[in-house]
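Colleague: File structure.cif below, mmCIF, C-alpha atoms (C1' of nucleotides):
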```
data_final
loop_
_atom_site.group_PDB
_atom_site.id
_atom_site.type_symbol
_atom_site.label_atom_id
_atom_site.label_comp_id
_atom_site.auth_asym_id
_atom_site.auth_seq_id
_atom_site.Cartn_x
_atom_site.Cartn_y
_atom_site.Cartn_z
ATOM 1 C CA MET T 382 32.393 35.676 37.400
ATOM 2 C CA ASN T 383 34.205 32.459 36.697
ATOM 3 C CA THR T 384 36.344 31.172 39.468
ATOM 4 C CA PRO T 385 40.080 31.591 39.117
ATOM 5 C CA GLN T 386 42.490 29.154 40.678
ATOM 6 C CA MET T 387 42.313 29.343 44.441
ATOM 7 C CA THR T 388 45.371 30.140 46.465
ATOM 8 C CA ARG T 389 46.511 27.804 49.199
ATOM 9 C CA ASN T 390 44.784 29.787 51.935
ATOM 10 C CA GLN T 391 41.584 30.116 49.985
ATOM 11 C CA ALA T 392 41.566 26.384 49.261
ATOM 12 C CA LEU T 393 42.133 25.550 52.913
ATOM 13 C CA VAL T 394 39.301 27.781 54.069
ATOM 14 C CA PHE T 395 36.957 26.524 51.385
ATOM 15 C CA ASP T 396 37.778 22.958 52.261
ATOM 16 C CA VAL T 397 36.928 23.483 55.900
ATOM 17 C CA LEU T 398 33.605 25.040 54.946
ATOM 18 C CA GLU T 399 32.735 22.306 52.496
ATOM 19 C CA LYS T 400 33.354 19.577 55.026
ATOM 20 C CA ALA T 401 31.437 21.345 57.780
ATOM 21 C CA GLU T 402 27.875 20.315 58.501
ATOM 22 C CA ALA T 403 26.911 23.793 59.547
ATOM 23 C CA PRO T 404 27.994 27.374 59.010
ATOM 24 C CA LEU T 405 31.232 28.360 60.699
ATOM 25 C CA SER T 406 32.411 31.639 62.113
ATOM 26 C CA ALA T 407 35.695 33.072 60.922
ATOM 27 C CA TYR T 408 37.283 32.330 64.268
ATOM 28 C CA THR T 409 36.109 28.737 64.223
ATOM 29 C CA ILE T 410 37.667 28.357 60.808
ATOM 30 C CA LEU T 411 40.845 29.890 62.165
ATOM 31 C CA ASP T 412 40.979 27.319 64.948
ATOM 32 C CA LYS T 413 40.484 24.483 62.500
ATOM 33 C CA LEU T 414 43.397 25.704 60.440
ATOM 34 C CA ARG T 415 45.971 26.320 63.158
ATOM 35 C CA ASP T 416 47.673 23.057 62.286
ATOM 36 C CA GLN T 417 47.986 24.251 58.706
ATOM 37 C CA GLY T 418 49.836 27.324 59.874
ATOM 38 C CA PHE T 419 47.048 29.826 60.311
ATOM 39 C CA ARG T 420 47.754 32.302 63.061
ATOM 40 C CA ALA T 421 45.595 35.384 62.605
ATOM 41 C CA PRO T 422 41.955 36.225 61.793
ATOM 42 C CA LEU T 423 42.997 38.205 58.777
ATOM 43 C CA GLN T 424 44.221 35.116 57.025
ATOM 44 C CA VAL T 425 40.704 33.766 57.248
ATOM 45 C CA TYR T 426 38.901 36.993 56.439
ATOM 46 C CA ARG T 427 41.048 37.639 53.395
ATOM 47 C CA ALA T 428 40.377 34.178 52.043
ATOM 48 C CA LEU T 429 36.656 34.508 52.773
ATOM 49 C CA GLU T 430 36.513 37.822 50.971
ATOM 50 C CA LYS T 431 37.759 36.182 47.802
ATOM 51 C CA LEU T 432 35.578 33.121 48.173
ATOM 52 C CA LEU T 433 32.522 35.340 48.551
ATOM 53 C CA GLU T 434 33.626 37.231 45.465
ATOM 54 C CA TYR T 435 33.973 33.988 43.525
ATOM 55 C CA GLY T 436 30.486 33.043 44.625
ATOM 56 C CA VAL T 437 31.431 29.734 46.199
ATOM 57 C CA VAL T 438 30.717 30.781 49.765
ATOM 58 C CA HIS T 439 27.813 32.610 51.382
ATOM 59 C CA ARG T 440 27.851 34.837 54.387
ATOM 60 C CA LEU T 441 24.990 34.439 56.826
ATOM 61 C CA GLU T 442 24.528 37.903 58.241
ATOM 62 C CA SER T 443 22.203 36.958 61.032
ATOM 63 C CA ILE T 444 24.640 34.552 62.632
ATOM 64 C CA ASN T 445 27.971 36.030 61.539
ATOM 65 C CA SER T 446 28.964 32.834 59.854
ATOM 66 C CA PHE T 447 29.948 31.412 56.512
ATOM 67 C CA VAL T 448 28.826 28.413 54.545
ATOM 68 C CA ALA T 449 29.914 26.768 51.299
ATOM 69 C CA CYS T 450 27.444 27.247 48.484
ATOM 70 C CA ALA T 451 25.125 24.305 47.986
ATOM 71 C CA HIS T 452 25.815 24.275 44.245
ATOM 72 C CA PRO T 453 29.372 23.092 43.912
ATOM 73 C CA GLY T 454 31.104 24.127 40.763
ATOM 74 C CA GLU T 455 28.751 26.982 40.022
ATOM 75 C CA ASP T 456 28.835 30.635 40.772
ATOM 76 C CA CYS T 457 25.983 31.319 43.141
ATOM 77 C CA HIS T 458 25.813 34.911 42.011
ATOM 78 C CA SER T 459 24.080 33.643 38.916
ATOM 79 C CA HIS T 460 21.169 32.148 40.792
ATOM 80 C CA GLY T 461 19.518 35.393 41.690
ATOM 81 C CA ILE T 462 18.610 36.069 45.271
ATOM 82 C CA VAL T 463 19.362 33.267 47.662
ATOM 83 C CA ALA T 464 17.283 32.542 50.710
ATOM 84 C CA PHE T 465 18.490 30.485 53.641
ATOM 85 C CA ALA T 466 16.665 28.516 56.278
ATOM 86 C CA ILE T 467 18.922 28.187 59.279
ATOM 87 C CA CYS T 468 18.167 25.719 62.030
ATOM 88 C CA GLU T 469 18.940 27.331 65.348
ATOM 89 C CA SER T 470 19.195 23.943 66.970
ATOM 90 C CA CYS T 471 21.545 21.933 64.746
ATOM 91 C CA GLY T 472 22.870 24.717 62.562
ATOM 92 C CA GLN T 473 21.911 23.035 59.319
ATOM 93 C CA VAL T 474 21.303 25.397 56.436
ATOM 94 C CA ILE T 475 18.950 24.907 53.507
ATOM 95 C CA GLU T 476 19.463 27.095 50.469
ATOM 96 C CA PHE T 477 16.610 28.215 48.289
ATOM 97 C CA HIS T 478 16.041 30.256 45.151
ATOM 98 C CA ASP T 479 12.697 31.633 44.137
ATOM 99 C CA HIS T 480 12.158 33.833 41.147
ATOM 100 C CA GLU T 481 8.790 35.048 42.332
ATOM 101 C CA VAL T 482 10.312 36.364 45.537
ATOM 102 C CA ASP T 483 13.095 37.984 43.536
ATOM 103 C CA HIS T 484 10.554 39.499 41.251
ATOM 104 C CA ARG T 485 8.414 40.958 44.026
ATOM 105 C CA LEU T 486 11.331 42.382 45.908
ATOM 106 C CA MET T 487 13.009 43.803 42.834
ATOM 107 C CA GLY T 488 9.716 45.251 41.657
ATOM 108 C CA TRP T 489 9.354 47.004 44.953
ATOM 109 C CA VAL T 490 12.870 48.431 45.083
ATOM 110 C CA ARG T 491 12.418 49.571 41.531
ATOM 111 C CA SER T 492 9.259 51.435 42.502
ATOM 112 C CA GLN T 493 11.292 53.157 45.191
ATOM 113 C CA LYS T 494 14.026 53.982 42.719
ATOM 114 C CA PHE T 495 16.328 52.100 45.002
ATOM 115 C CA LYS T 496 19.337 50.439 43.429
ATOM 116 C CA PRO T 497 19.951 47.083 45.103
ATOM 117 C CA ALA T 498 23.481 45.797 45.554
ATOM 118 C CA LYS T 499 23.249 42.835 47.907
ATOM 119 C CA THR T 500 20.178 41.127 49.274
ATOM 120 C CA THR T 501 19.904 38.977 52.365
ATOM 121 C CA ILE T 502 17.056 36.597 53.127
ATOM 122 C CA GLU T 503 17.530 34.451 56.190
ATOM 123 C CA ILE T 504 14.908 32.459 58.016
ATOM 124 C CA ARG T 505 15.912 31.244 61.432
ATOM 125 C CA GLY T 506 13.930 28.487 63.040
ATOM 126 C CA THR T 507 13.877 24.766 63.579
ATOM 127 C CA CYS T 508 14.468 22.102 60.959
ATOM 128 C CA GLU T 509 12.364 18.996 60.610
ATOM 129 C CA ALA T 510 14.851 16.756 62.385
ATOM 130 C CA CYS T 511 15.132 19.104 65.339
ATOM 131 C CA ALA T 512 11.427 19.818 65.725
ATOM 132 C CA ALA T 513 10.158 18.552 69.044
ATOM 133 C CA MET O 1372 1.895 41.727 71.991
ATOM 134 C CA ASN O 1373 0.628 45.019 73.251
ATOM 135 C CA THR O 1374 3.247 47.352 74.506
ATOM 136 C CA PRO O 1375 3.507 47.762 78.246
ATOM 137 C CA GLN O 1376 4.714 50.985 79.769
ATOM 138 C CA MET O 1377 8.338 51.590 78.881
ATOM 139 C CA THR O 1378 10.881 52.044 81.623
ATOM 140 C CA ARG O 1379 13.069 55.121 81.694
ATOM 141 C CA ASN O 1380 15.969 53.434 79.935
ATOM 142 C CA GLN O 1381 13.743 51.916 77.295
ATOM 143 C CA ALA O 1382 12.107 55.264 76.657
ATOM 144 C CA LEU O 1383 15.468 57.001 76.319
ATOM 145 C CA VAL O 1384 16.764 54.440 73.848
ATOM 146 C CA PHE O 1385 13.554 54.463 71.861
ATOM 147 C CA ASP O 1386 13.587 58.214 71.739
ATOM 148 C CA VAL O 1387 17.102 58.302 70.348
ATOM 149 C CA LEU O 1388 16.146 55.822 67.661
ATOM 150 C CA GLU O 1389 12.974 57.645 66.721
ATOM 151 C CA LYS O 1390 14.800 60.904 66.268
ATOM 152 C CA ALA O 1391 17.618 59.379 64.264
ATOM 153 C CA GLU O 1392 17.578 59.631 60.496
ATOM 154 C CA ALA O 1393 19.340 56.333 60.077
ATOM 155 C CA PRO O 1394 19.871 53.104 61.979
ATOM 156 C CA LEU O 1395 22.177 53.327 64.963
ATOM 157 C CA SER O 1396 24.523 50.815 66.505
ATOM 158 C CA ALA O 1397 24.201 50.016 70.176
ATOM 159 C CA TYR O 1398 27.421 51.855 70.907
ATOM 160 C CA THR O 1399 26.291 54.946 69.059
ATOM 161 C CA ILE O 1400 23.142 54.940 71.132
ATOM 162 C CA LEU O 1401 25.258 54.578 74.237
ATOM 163 C CA ASP O 1402 27.297 57.635 73.293
ATOM 164 C CA LYS O 1403 24.155 59.665 72.715
ATOM 165 C CA LEU O 1404 22.889 58.768 76.160
ATOM 166 C CA ARG O 1405 25.998 59.411 78.236
ATOM 167 C CA ASP O 1406 24.552 62.724 79.355
ATOM 168 C CA GLN O 1407 21.468 60.911 80.575
ATOM 169 C CA GLY O 1408 23.609 58.721 82.772
ATOM 170 C CA PHE O 1409 24.294 55.753 80.518
ATOM 171 C CA ARG O 1410 27.661 54.181 81.205
ATOM 172 C CA ALA O 1411 27.734 50.653 79.854
ATOM 173 C CA PRO O 1412 26.681 48.804 76.680
ATOM 174 C CA LEU O 1413 24.447 46.526 78.655
ATOM 175 C CA GLN O 1414 22.138 49.351 79.541
ATOM 176 C CA VAL O 1415 21.522 49.818 75.839
ATOM 177 C CA TYR O 1416 21.326 46.157 74.930
ATOM 178 C CA ARG O 1417 18.868 45.417 77.689
ATOM 179 C CA ALA O 1418 16.597 48.223 76.591
ATOM 180 C CA LEU O 1419 16.879 47.158 72.959
ATOM 181 C CA GLU O 1420 15.980 43.607 73.849
ATOM 182 C CA LYS O 1421 12.698 44.767 75.299
ATOM 183 C CA LEU O 1422 11.974 47.213 72.507
ATOM 184 C CA LEU O 1423 12.484 44.440 69.971
ATOM 185 C CA GLU O 1424 10.172 42.266 72.000
ATOM 186 C CA TYR O 1425 7.504 44.984 72.058
ATOM 187 C CA GLY O 1426 7.863 45.260 68.293
ATOM 188 C CA VAL O 1427 8.654 48.956 68.224
ATOM 189 C CA VAL O 1428 12.247 48.559 67.070
ATOM 190 C CA HIS O 1429 13.876 46.467 64.352
ATOM 191 C CA ARG O 1430 17.312 45.016 64.269
ATOM 192 C CA LEU O 1431 19.159 45.214 60.974
ATOM 193 C CA GLU O 1432 21.313 42.127 60.981
ATOM 194 C CA SER O 1433 23.450 43.027 58.039
ATOM 195 C CA ILE O 1434 24.699 46.244 59.575
ATOM 196 C CA ASN O 1435 24.490 45.460 63.285
ATOM 197 C CA SER O 1436 22.197 48.361 63.871
ATOM 198 C CA PHE O 1437 18.770 49.223 65.160
ATOM 199 C CA VAL O 1438 15.956 51.359 63.853
ATOM 200 C CA ALA O 1439 12.586 52.488 65.170
ATOM 201 C CA CYS O 1440 9.670 50.832 63.443
ATOM 202 C CA ALA O 1441 8.135 52.938 60.704
ATOM 203 C CA HIS O 1442 4.645 52.363 62.087
ATOM 204 C CA PRO O 1443 4.506 54.272 65.315
ATOM 205 C CA GLY O 1444 1.988 53.024 67.795
ATOM 206 C CA GLU O 1445 1.665 49.597 66.251
ATOM 207 C CA ASP O 1446 3.318 46.331 66.953
ATOM 208 C CA CYS O 1447 5.385 45.484 63.904
ATOM 209 C CA HIS O 1448 5.169 41.812 64.702
ATOM 210 C CA SER O 1449 1.645 41.926 63.389
ATOM 211 C CA HIS O 1450 2.652 43.038 59.915
ATOM 212 C CA GLY O 1451 4.099 39.764 58.808
ATOM 213 C CA ILE O 1452 7.587 39.649 57.410
ATOM 214 C CA VAL O 1453 9.290 42.983 57.108
ATOM 215 C CA ALA O 1454 11.750 43.805 54.363
ATOM 216 C CA PHE O 1455 14.212 46.663 54.532
ATOM 217 C CA ALA O 1456 15.993 48.623 51.863
ATOM 218 C CA ILE O 1457 19.099 50.124 53.397
ATOM 219 C CA CYS O 1458 21.005 52.856 51.609
ATOM 220 C CA GLU O 1459 24.705 52.224 52.035
ATOM 221 C CA SER O 1460 25.433 55.830 51.275
ATOM 222 C CA CYS O 1461 23.136 57.851 53.536
ATOM 223 C CA GLY O 1462 21.912 55.091 55.821
ATOM 224 C CA GLN O 1463 18.267 55.758 55.176
ATOM 225 C CA VAL O 1464 15.998 52.757 55.624
ATOM 226 C CA ILE O 1465 12.744 52.026 53.847
ATOM 227 C CA GLU O 1466 10.439 49.469 55.387
ATOM 228 C CA PHE O 1467 8.262 47.217 53.304
ATOM 229 C CA HIS O 1468 5.661 44.489 53.791
ATOM 230 C CA ASP O 1469 4.564 42.151 51.057
ATOM 231 C CA HIS O 1470 2.171 39.318 51.568
ATOM 232 C CA GLU O 1471 3.136 37.579 48.372
ATOM 233 C CA VAL O 1472 6.766 37.384 49.497
ATOM 234 C CA ASP O 1473 5.629 36.123 52.893
ATOM 235 C CA HIS O 1474 3.463 33.582 51.219
ATOM 236 C CA ARG O 1475 6.186 32.236 48.931
ATOM 237 C CA LEU O 1476 8.749 32.018 51.675
ATOM 238 C CA MET O 1477 6.392 30.465 54.163
ATOM 239 C CA GLY O 1478 5.175 28.025 51.541
ATOM 240 C CA TRP O 1479 8.706 26.961 50.936
ATOM 241 C CA VAL O 1480 9.680 26.519 54.570
ATOM 242 C CA ARG O 1481 6.490 24.587 55.062
ATOM 243 C CA SER O 1482 7.447 22.237 52.242
ATOM 244 C CA GLN O 1483 10.737 21.691 54.026
ATOM 245 C CA LYS O 1484 8.941 21.055 57.304
ATOM 246 C CA PHE O 1485 10.981 23.897 58.664
ATOM 247 C CA LYS O 1486 9.490 25.888 61.515
ATOM 248 C CA PRO O 1487 10.347 29.563 61.076
ATOM 249 C CA ALA O 1488 10.960 31.752 64.095
ATOM 250 C CA LYS O 1489 12.443 34.976 62.785
ATOM 251 C CA THR O 1490 12.918 36.111 59.216
ATOM 252 C CA THR O 1491 15.304 38.716 57.908
ATOM 253 C CA ILE O 1492 15.037 40.430 54.532
ATOM 254 C CA GLU O 1493 17.510 43.206 53.946
ATOM 255 C CA ILE O 1494 18.388 44.832 50.653
ATOM 256 C CA ARG O 1495 21.508 46.946 50.725
ATOM 257 C CA GLY O 1496 22.077 49.401 47.916
ATOM 258 C CA THR O 1497 21.648 53.027 47.011
ATOM 259 C CA CYS O 1498 18.553 55.131 47.530
ATOM 260 C CA GLU O 1499 17.135 57.482 44.948
ATOM 261 C CA ALA O 1500 18.629 60.587 46.501
ATOM 262 C CA CYS O 1501 22.094 59.048 46.684
ATOM 263 C CA ALA O 1502 22.107 57.539 43.201
ATOM 264 C CA ALA O 1503 24.811 59.108 41.072
ATOM 265 C "C1'" DA Q 181 67.731 42.387 32.987
ATOM 266 C "C1'" DT Q 182 65.474 45.818 35.586
ATOM 267 C "C1'" DT Q 183 61.795 48.278 36.968
ATOM 268 C "C1'" DG Q 184 57.173 48.760 38.354
ATOM 269 C "C1'" DC Q 185 52.883 46.858 39.469
ATOM 270 C "C1'" DA Q 186 49.445 43.781 41.391
ATOM 271 C "C1'" DC Q 187 48.487 40.492 44.511
ATOM 272 C "C1'" DA Q 188 48.707 37.313 48.223
ATOM 273 C "C1'" DC Q 189 50.576 36.759 52.562
ATOM 274 C "C1'" DG Q 190 52.140 37.333 57.654
ATOM 275 C "C1'" DT Q 191 52.039 40.008 61.912
ATOM 276 C "C1'" DT Q 192 50.722 43.234 65.413
ATOM 277 C "C1'" DA Q 193 47.543 46.113 67.083
ATOM 278 C "C1'" DT Q 194 43.134 47.961 67.562
ATOM 279 C "C1'" DA Q 195 38.256 48.878 66.723
ATOM 280 C "C1'" DG Q 196 33.521 47.471 67.061
ATOM 281 C "C1'" DC Q 197 29.770 44.362 68.675
ATOM 282 C "C1'" DA Q 198 27.706 41.583 72.402
ATOM 283 C "C1'" DT Q 199 27.114 39.049 76.709
ATOM 284 C "C1'" DA Q 200 28.431 36.673 81.390
ATOM 285 C "C1'" DA Q 201 28.181 37.193 86.131
ATOM 286 C "C1'" DC Q 202 27.622 39.626 90.225
ATOM 287 C "C1'" DG Q 203 24.832 42.346 93.422
ATOM 288 C "C1'" DC Q 204 21.230 45.800 94.616
ATOM 289 C "C1'" DA Q 205 16.566 47.928 94.636
ATOM 290 C "C1'" DA Q 206 11.695 48.170 93.615
ATOM 291 C "C1'" DT Q 207 7.333 45.692 92.670
ATOM 292 C "C1'" DT Q 208 4.094 42.234 92.981
ATOM 293 C "C1'" DG Q 209 1.376 38.737 94.601
ATOM 294 C "C1'" DA Q 210 0.722 34.563 97.568
ATOM 295 C "C1'" DT K 564 6.216 38.678 105.413
ATOM 296 C "C1'" DC K 565 8.402 36.136 102.089
ATOM 297 C "C1'" DA K 566 9.589 34.687 97.604
ATOM 298 C "C1'" DA K 567 9.646 35.602 92.827
ATOM 299 C "C1'" DT K 568 10.248 38.757 89.146
ATOM 300 C "C1'" DT K 569 12.050 42.527 86.868
ATOM 301 C "C1'" DG K 570 14.953 46.331 85.984
ATOM 302 C "C1'" DC K 571 19.171 48.421 86.892
ATOM 303 C "C1'" DG K 572 24.373 49.371 87.457
ATOM 304 C "C1'" DT K 573 29.094 47.733 87.162
ATOM 305 C "C1'" DT K 574 33.094 45.082 85.914
ATOM 306 C "C1'" DA K 575 35.000 42.011 83.132
ATOM 307 C "C1'" DT K 576 35.317 39.340 79.194
ATOM 308 C "C1'" DG K 577 34.541 37.242 74.719
ATOM 309 C "C1'" DC K 578 33.515 37.378 69.871
ATOM 310 C "C1'" DT K 579 33.697 39.678 65.271
ATOM 311 C "C1'" DA K 580 36.199 42.479 62.013
ATOM 312 C "C1'" DT K 581 39.593 45.620 60.118
ATOM 313 C "C1'" DA K 582 43.750 49.085 59.987
ATOM 314 C "C1'" DA K 583 48.356 49.526 59.016
ATOM 315 C "C1'" DC K 584 52.746 47.927 58.109
ATOM 316 C "C1'" DG K 585 56.047 45.190 55.750
ATOM 317 C "C1'" DT K 586 57.568 40.978 52.830
ATOM 318 C "C1'" DG K 587 57.746 38.013 48.874
ATOM 319 C "C1'" DT K 588 56.468 36.469 44.306
ATOM 320 C "C1'" DG K 589 55.019 36.556 39.544
ATOM 321 C "C1'" DC K 590 54.549 39.050 35.497
ATOM 322 C "C1'" DA K 591 54.520 42.570 31.969
ATOM 323 C "C1'" DA K 592 56.591 46.685 29.796
ATOM 324 C "C1'" DT K 593 60.586 48.893 28.666
#
```
Can you dump the structure from the file as structure tokens?
Modeller:
Amino acid sequence: MNTPQMTRNQALVFDVLEKAEAPLSAYTILDKLRDQGFRAPLQVYRALEKLLEYGVVHRLESINSFVACAHPGEDCHSHGIVAFAICESCGQVIEFHDHEVDHRLMGWVRSQKFKPAKTTIEIRGTCEACAA
Amino acid sequence: MNTPQMTRNQALVFDVLEKAEAPLSAYTILDKLRDQGFRAPLQVYRALEKLLEYGVVHRLESINSFVACAHPGEDCHSHGIVAFAICESCGQVIEFHDHEVDHRLMGWVRSQKFKPAKTTIEIRGTCEACAA
DNA sequence: ATTGCACACGTTATAGCATAACGCAATTGA
DNA sequence: TCAATTGCGTTATGCTATAACGTGTGCAAT
């Protein structure tokens, strides 16, 4: 997909995510946008839905949060499966793409005649800076 | 970890999960155990916490649900990283272990000096039986 | 120009997931 | 016996996500 023009709400949400140092929950985003007129969760969720569709934002399932894609200007859907390392101490996220992992996983699902739609790989732990 | 004796609540929760054909949410488990005296979510969550610790139950992050481990009698923590294929139509879950995937992912986190604690791999899609 | 459609938006309400904080009872081990 | 630990029950609360309704705007087909 190539990214259409963002609406005002989408741009506001994306901007907050891009400037954040760590993934944000929808409600945290909402709070950051109250001054811009945001009032209800749905305003955030609707924007996020589109941003996910455009491939400029990722959802981190294991922490119910959202993060801007590390490859600005590109559609992350084109990178194959994305893996994330999430620091549980500072929240920092590292994004990673590995074709071998893709290949193994897709080979397996294929052998099961399973038709994959969306794949999540998330590694929670401690980043270098936060390690004791 | 080797599994200590389960308490009554843990056994009830585990039993419900083992007999289920698909992952269950904590609240669904609660409803199934009302007749056994369960009243509050915490009774379920506390049992689940232990069952996860014992390695006899998995949490599926992407659907906020829980499933009994496919390897009864063993501690799933010993199998390395576990991947799940989750059918979005019928709910069925297939469990999978692949050392090559483990190896690639762990090699990568190592190169990042990232210390992994818990890894999630979940593939949502359609199982063979549910495919059109 | 008018009609119809698609889409984004705003609002209220509600559903679904998870934990905090309190107190009690049973068990264990010093 | 005493203290520490663990499990349990209950109430209350907080966080995450969506349903349902209505409004406005832009645009294309007639």
Colleague: Let me have the centre and edge lengths in Å, one decimal, of the box along x, y and z around every listed atom of stretch 572-578 of chain K with 6 Å of margin on each side, as AutoDock Vina command-line options.
Modeller:
```
--center_x 29.8 --center_y 43.3 --center_z 78.7 --size_x 22.9 --size_y 24.1 --size_z 29.6
```
Colleague: Name the residues that the PyMOL selection byres ((chain O and resi 1385-1402) around 10) pulls out of this structure, and write them as JSON, numbers by chain.
Modeller: {"O": [1377, 1379, 1380, 1381, 1382, 1383, 1384, 1403, 1404, 1405, 1406, 1407, 1408, 1409, 1410, 1411, 1412, 1413, 1414, 1415, 1416, 1418, 1419, 1422, 1427, 1428, 1429, 1430, 1431, 1434, 1435, 1436, 1437, 1438, 1439, 1440, 1441, 1443, 1457, 1458, 1461, 1462, 1463, 1464], "Q": [196, 197, 198]}
Colleague: What would the file look like if the residues just selected were written as a compact mmCIF listing (two decimals), in the frame of the given file with C-alpha atoms (C1' of nucleotides)?
Modeller:
```
# COMPACT_ATOMS: atom_id res chain seq x y z
CA MET O 1377 8.34 51.59 78.88
CA ARG O 1379 13.07 55.12 81.69
CA ASN O 1380 15.97 53.43 79.94
CA GLN O 1381 13.74 51.92 77.30
CA ALA O 1382 12.11 55.26 76.66
CA LEU O 1383 15.47 57.00 76.32
CA VAL O 1384 16.76 54.44 73.85
CA LYS O 1403 24.16 59.66 72.72
CA LEU O 1404 22.89 58.77 76.16
CA ARG O 1405 26.00 59.41 78.24
CA ASP O 1406 24.55 62.72 79.36
CA GLN O 1407 21.47 60.91 80.58
CA GLY O 1408 23.61 58.72 82.77
CA PHE O 1409 24.29 55.75 80.52
CA ARG O 1410 27.66 54.18 81.20
CA ALA O 1411 27.73 50.65 79.85
CA PRO O 1412 26.68 48.80 76.68
CA LEU O 1413 24.45 46.53 78.66
CA GLN O 1414 22.14 49.35 79.54
CA VAL O 1415 21.52 49.82 75.84
CA TYR O 1416 21.33 46.16 74.93
CA ALA O 1418 16.60 48.22 76.59
CA LEU O 1419 16.88 47.16 72.96
CA LEU O 1422 11.97 47.21 72.51
CA VAL O 1427 8.65 48.96 68.22
CA VAL O 1428 12.25 48.56 67.07
CA HIS O 1429 13.88 46.47 64.35
CA ARG O 1430 17.31 45.02 64.27
CA LEU O 1431 19.16 45.21 60.97
CA ILE O 1434 24.70 46.24 59.58
CA ASN O 1435 24.49 45.46 63.28
CA SER O 1436 22.20 48.36 63.87
CA PHE O 1437 18.77 49.22 65.16
CA VAL O 1438 15.96 51.36 63.85
CA ALA O 1439 12.59 52.49 65.17
CA CYS O 1440 9.67 50.83 63.44
CA ALA O 1441 8.14 52.94 60.70
CA PRO O 1443 4.51 54.27 65.32
CA ILE O 1457 19.10 50.12 53.40
CA CYS O 1458 21.00 52.86 51.61
CA CYS O 1461 23.14 57.85 53.54
CA GLY O 1462 21.91 55.09 55.82
CA GLN O 1463 18.27 55.76 55.18
CA VAL O 1464 16.00 52.76 55.62
C1' DG Q 196 33.52 47.47 67.06
C1' DC Q 197 29.77 44.36 68.68
C1' DA Q 198 27.71 41.58 72.40
```
Colleague: Dump as a list in words all residues having an atom at most 12 Å from (37.3, 39.4, 79.2), computed in the file's coordinates with only C-alpha atoms (C1' of nucleotides).
Modeller: DA198, DT199, DA200 and DA201 of chain Q; DT574, DA575, DT576, DG577 and DC578 of chain K
Colleague: Once the PyMOL selection byres ((chain O) within 7 of (chain T)) is applied to the coordinates I shared, what remains selected? I want it as a VMD selection string.
Modeller: chain O and resid 1432 to 1433 1472 1475 1484 to 1499
Colleague: Spell out the residues picked by the PyMOL selection byres ((chain K and resi 582) around 9) here, as an mmCIF file with C-alpha atoms (C1' of nucleotides), in the frame of the given file.
Modeller:
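Saved to part39.cif:
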```cif
data_model
loop_
_atom_site.group_PDB
_atom_site.id
_atom_site.type_symbol
_atom_site.label_atom_id
_atom_site.label_comp_id
_atom_site.auth_asym_id
_atom_site.auth_seq_id
_atom_site.Cartn_x
_atom_site.Cartn_y
_atom_site.Cartn_z
ATOM 1 C "C1'" DA Q 193 47.543 46.113 67.083
ATOM 2 C "C1'" DT Q 194 43.134 47.961 67.562
ATOM 3 C "C1'" DA Q 195 38.256 48.878 66.723
ATOM 4 C "C1'" DT K 581 39.593 45.620 60.118
ATOM 5 C "C1'" DA K 583 48.356 49.526 59.016
#
```
Colleague: Please, what distance in Å, to one decimal, runs between atom C1' of Q:DG190 and atom C1' of K:DT586?
Modeller: 8.1 Å
Colleague: Determine which residues of chain K sit within 9 Å of chain O, taking into account all atoms listed in the file, and present them as number ranges by chain.
Modeller: K: 570-573
Colleague: Please, what distance in Å, to one decimal, runs between atom C1' of Q:DT208 and atom C1' of K:DT564?
Modeller: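 Straight-line distance from atom C1' of Q:DT208 to atom C1' of K:DT564 works out to 13.1 Å.
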